Amino acid sequence: MSPNDKAGDTSGTEYGGGAATPGDSGPRTPTGTHPPAPHPPTPHRDATAPGAPDTPDAPAVTTDVPARLDRLPWSRWHWMVVIGLGTVWILDGLEVTVVGNIAGRLSEEGSGLPISSAQVTGVAAALYVAGACLGALFFGRLTDLFGRKKLFLITLAVYLAATALTAVSFSSWWFFLFRFLTGFGIGGEYAAINSAIDELIPSAYRGRVDLVINGSFWLGAIGGSLLSIVMLDTSVFPVNVGWRLTFALGVVLGLVILLVRRHVPESPRWLFIHGRGDEADRLVTSIEKQITEEKTKQGGKGKKHTPLPEPAGEITIHPRKSIGFLEIGRTVFSRYRRRAVLGLALFIGQAFLYNAITFGFGAILTSFFDVSTSRTGYYFAVMAAGNFLGPLLLGKLFDTVGRRIMISGTYLLSGVLLFATAWLFSAGHLTATTLTACWCVVLFFASAGASSAYLTVSEIFPMETRAMAIAFFYAVGTAAGGISGPLVFAELTESGVAADTALAFCIGAALMCLAGLTAAFLAVRAERRSLESIAAPLSTTPTT
């Protein structure tokens with residue numbers, strides 16, 4: 001164990017052993033290569049050992065499924081997983097941005113919907129947030145019980161149906177109801193998708209893939225900003241048609257994603273934990289075959305393809321059908337309480353920073369720099385580009401430089417830069433263009449940090465609690481953002497007083513820095529490590 005690793009982690013080998021001591025970093029995964037020898041699937045054999053979970057649902061079994069998944073090279077199969085599961089965040093970003101931009105159009109006479117702009121940005125937005133929080137918790141529990149695939153198909157179907165029905169809104173109550181249900185579906189997506197991605201992507205790539213997928217929300221935001229300009233142009237579409245088409249377009253794109261998603265398999269990790277080890281073996285064997293054939297074709301005729309490396313180890317578990325809420329709570333908040341503190345700090349910090357900037361960005365530009373409301377969408381598109389580029393360009397470093405350095409670094413740097421922006425703004429040194437440039441730089445780092453919050457909570461808790469842990473911390477972060485915006489930042493950013501707006505920036509910056517300091521001490525060194533070594537499954541049989 002290196003000097004930087006804390007004592008107390010009893011995980012032993014990479015894939016076996018008991019749970020790590022709460023909050024500690026544990027031993028690093030060996031980075032050396034394994035002998036390039038072919039390896040047949042390990043038969044699921046019964047195993048007995050003391051210390052097994054109470055009342056197991058099935059005899060203990062030993063499997064190398066996690067190690068076989070983690071040793072796979074990047075392939076077209078992994079791209080299919082990323083496209084099928086990850087691209088829905090683009091839709092989320094597109095829709096959330098469009099709704100904000102169409103608020104004014106919906107309130108106009110002839111829009112076909114008796115609603116005010118304040119109701120769209122207030123009541124409807126609050127219902128969307130409430131739906132997302134409740135949906136994450138509801139579907140998060142079902143994802144752990146019934147599997148990743150069933151739920152990531154169901155949640156996408158809920159999201160698409162609610163979006164389609166929003167497009168045909170004829171009354172404010174209908175619009176409110178289906179904004180709530182749209183949020184309900186997208187909240188469930190966060191739990192089902194993040195858990196599935198982490199369990200299917202090899203450990204060497206998990207960090208960068210997770211960051212880019214979560215950061216792709218902002219790619220949708222760019223599209224939403226630009227799409228609104230066209231769809232809301234009454235010279236192109238009638239006032240009561242354009243806003244409906246924006247929702248309909250989201251449904252069409254979602255159906256394309258659904259066609260790809262149906263080919264994404266169930267998580268083999270979830271299968272063997274729930275007593276379906278033979279099915280998990282067959283699934284991983286099929287994936288290995290696809291990837292081997294792909295690499296052989298890429299090598300060309302006459303060239304010998306290097307066999308897959310030997311799996312790093314095995315894990316012995318007692319399959320269980322379900323884990324109760326009491327055990328989930330005890331695991332997350334007692335056994336892993338330092339990690340729970342880390343998750344809360346990361347989600348709340350990023351929620352406040354983002355609200356400090358984005359909640360009143362339009363009012364800031366119009367009040368202080370006389371930017372026309374019809375042009376604020378262009379500024380937002382530039383800000384969104386900075387948000388997307390952060391995870392895209394920095395993501396690899398979370399797998400190479402390491403989680404602790406990169407998470408704490410991005411949080412602290414974005415907080416310090418926002419403090420600097422607040423000073424420049426209050427001193428009158430910025431224009432609309434230079435303020436937007438400052439926001440872009442701040443959000444370049446903040447977006448990578450915020451995306452790493454989702455990565456963190458999806459990998460530092462045991463598998464049986466993964467989706468529920470993601471759901472809980474997502475709900476906390478979303479609620480903090482949805483509540484803090486109206487209560488803390490609305491009056492500050494819309495008062496027209498530079499000192500008030502600068503104070504809003506400073507509040508967001510301070511909480512982001514506090515989260516960064518928390519990460520510097522508590523972040524888990526999870527880079528290139530198997531999920532099972534970061535937090536052993538609750539059903540793991542301890543080694544003797």
# chains A, B, ... in the order shown; residues from 1 in each chain; ligands from 1
call {"tool": "residues_around", "arguments": {"residues": "A:Val457", "least_positions_apart": "4", "cutoff": "8 Å", "atoms": "only C-alpha atoms", "output": "list in words"}}
result
Gly343, Ala453, Phe461, Arg466, Ala469, Ile470 and Phe473 of chain A
call {"tool": "residues_around", "arguments": {"residues": "A:Tyr379", "least_positions_apart": "6", "cutoff": "12 Å", "atoms": "only C-alpha atoms", "output": "PyMOL selection string"}}
result
chain A and resi 221-222+225-226+358+361-362+364-366+371-373+385-386+432-440
call {"tool": "closest_atom_pairs", "arguments": {"of": "stretch 236-279 of chain A", "to": "stretch 194-218 of chain A", "cutoff": "10 Å", "atoms": "only C-alpha atoms", "output": "CSV"}}
result
residue,atom,partner,partner_atom,distance
A:Val264,CA,A:Ala196,CA,9.6
A:Pro265,CA,A:Leu200,CA,9.1
A:Glu266,CA,A:Ala196,CA,7.9
A:Ser267,CA,A:Ala196,CA,6.2
A:Pro268,CA,A:Leu200,CA,7.9
A:Arg269,CA,A:Glu199,CA,6.6
A:Trp270,CA,A:Glu199,CA,8.3
call {"tool": "write_last_selection", "arguments": {"atoms": "C-alpha atoms", "output": "PDB file, in the first residue's frame"}}
result
ATOM      1  CA  VAL A 264     -28.132  -2.364 -24.943  1.00  0.00           C
ATOM      2  CA  PRO A 265     -28.115  -5.443 -22.667  1.00  0.00           C
ATOM      3  CA  GLU A 266     -28.843  -5.805 -18.990  1.00  0.00           C
ATOM      4  CA  SER A 267     -25.879  -5.151 -16.720  1.00  0.00           C
ATOM      5  CA  PRO A 268     -24.055  -8.492 -16.201  1.00  0.00           C
ATOM      6  CA  ARG A 269     -23.090  -7.212 -12.765  1.00  0.00           C
ATOM      7  CA  TRP A 270     -26.746  -6.808 -11.827  1.00  0.00           C
TER       8      TRP A 270
END
call {"tool": "closest_residue", "arguments": {"among": "A:Phe170, A:Phe388, A:Tyr454, A:Trp243", "to": "A:Val230", "atoms": "only C-alpha atoms"}}
result
A:Trp243
call {"tool": "closest_atom_pairs", "arguments": {"of": "stretch 202-311 of chain A", "to": "stretch 138-160 of chain A", "cutoff": "12 Å", "atoms": "only C-alpha atoms", "output": "tab-separated table"}}
result
residue	atom	partner	partner_atom	distance
A:Phe247	CA	A:Leu160	CA	9.6
A:Ala248	CA	A:Leu160	CA	9.4
A:Leu249	CA	A:Leu160	CA	10.7
A:Gly250	CA	A:Leu160	CA	8.0
A:Val251	CA	A:Leu160	CA	5.6
A:Val252	CA	A:Leu160	CA	8.8
A:Leu253	CA	A:Leu160	CA	9.5
A:Gly254	CA	A:Leu160	CA	6.6
A:Leu255	CA	A:Leu160	CA	7.8
A:Val256	CA	A:Leu160	CA	11.2
A:Ile257	CA	A:Leu156	CA	9.1
A:Leu258	CA	A:Leu153	CA	7.5
A:Leu259	CA	A:Leu153	CA	10.2
A:Val260	CA	A:Leu153	CA	10.8
A:Arg261	CA	A:Leu153	CA	7.5
A:Arg262	CA	A:Leu153	CA	7.4
A:His263	CA	A:Lys149	CA	9.8
A:Val264	CA	A:Lys149	CA	7.6
A:Pro265	CA	A:Lys149	CA	6.6
A:Glu266	CA	A:Lys149	CA	5.0
A:Ser267	CA	A:Arg148	CA	6.5
A:Pro268	CA	A:Arg148	CA	9.9
A:Arg269	CA	A:Gly147	CA	10.0
A:Trp270	CA	A:Gly147	CA	6.6
A:Leu271	CA	A:Gly147	CA	7.9
A:Phe272	CA	A:Gly147	CA	11.2
A:Ile273	CA	A:Asp144	CA	10.5
A:His274	CA	A:Leu145	CA	8.9
A:Arg276	CA	A:Gly147	CA	11.5
call {"tool": "residues_around", "arguments": {"residues": "stretch 173-185 of chain A", "least_positions_apart": "3", "cutoff": "8 Å", "atoms": "only C-alpha atoms", "output": "number ranges by chain"}}
result
A: 123-125, 127-136, 155-160, 162-163, 165-166, 169-170, 188-189
call {"tool": "residues_around", "arguments": {"residues": "A:Ser484", "least_positions_apart": "2", "cutoff": "12 Å", "atoms": "only C-alpha atoms", "output": "ChimeraX atom specification"}}
result
/A:126,348-356,359,476-482,486-492,504,507-508
call {"tool": "write_last_selection", "arguments": {"atoms": "C-alpha atoms", "output": "compact mmCIF listing (two decimals), in the first residue's frame"}}
result
# COMPACT_ATOMS: atom_id res chain seq x y z
CA ALA A 126 -40.97 23.93 -10.05
CA ILE A 348 -24.95 21.14 -3.28
CA GLY A 349 -21.82 23.09 -4.26
CA GLN A 350 -22.39 22.74 -8.00
CA ALA A 351 -26.11 23.47 -7.63
CA PHE A 352 -25.44 26.82 -5.97
CA LEU A 353 -22.68 27.83 -8.40
CA TYR A 354 -24.85 27.09 -11.42
CA ASN A 355 -27.82 28.95 -9.99
CA ALA A 356 -25.63 31.95 -9.17
CA PHE A 359 -30.70 31.67 -12.85
CA VAL A 476 -30.77 16.56 -3.21
CA GLY A 477 -28.78 18.44 -5.84
CA THR A 478 -31.80 19.12 -8.03
CA ALA A 479 -33.93 20.24 -5.08
CA ALA A 480 -31.13 22.48 -3.82
CA GLY A 481 -30.90 24.08 -7.25
CA GLY A 482 -34.64 24.40 -7.74
CA PRO A 486 -35.95 31.44 -6.45
CA LEU A 487 -35.14 31.98 -2.76
CA VAL A 488 -31.51 33.12 -2.88
CA PHE A 489 -30.60 34.36 -6.32
CA ALA A 490 -33.74 35.83 -7.94
CA GLU A 491 -33.79 39.18 -6.14
CA LEU A 492 -30.00 39.47 -6.10
CA ALA A 504 -24.84 36.11 -5.72
CA ILE A 507 -22.25 32.78 -2.58
CA GLY A 508 -22.02 30.28 -5.41
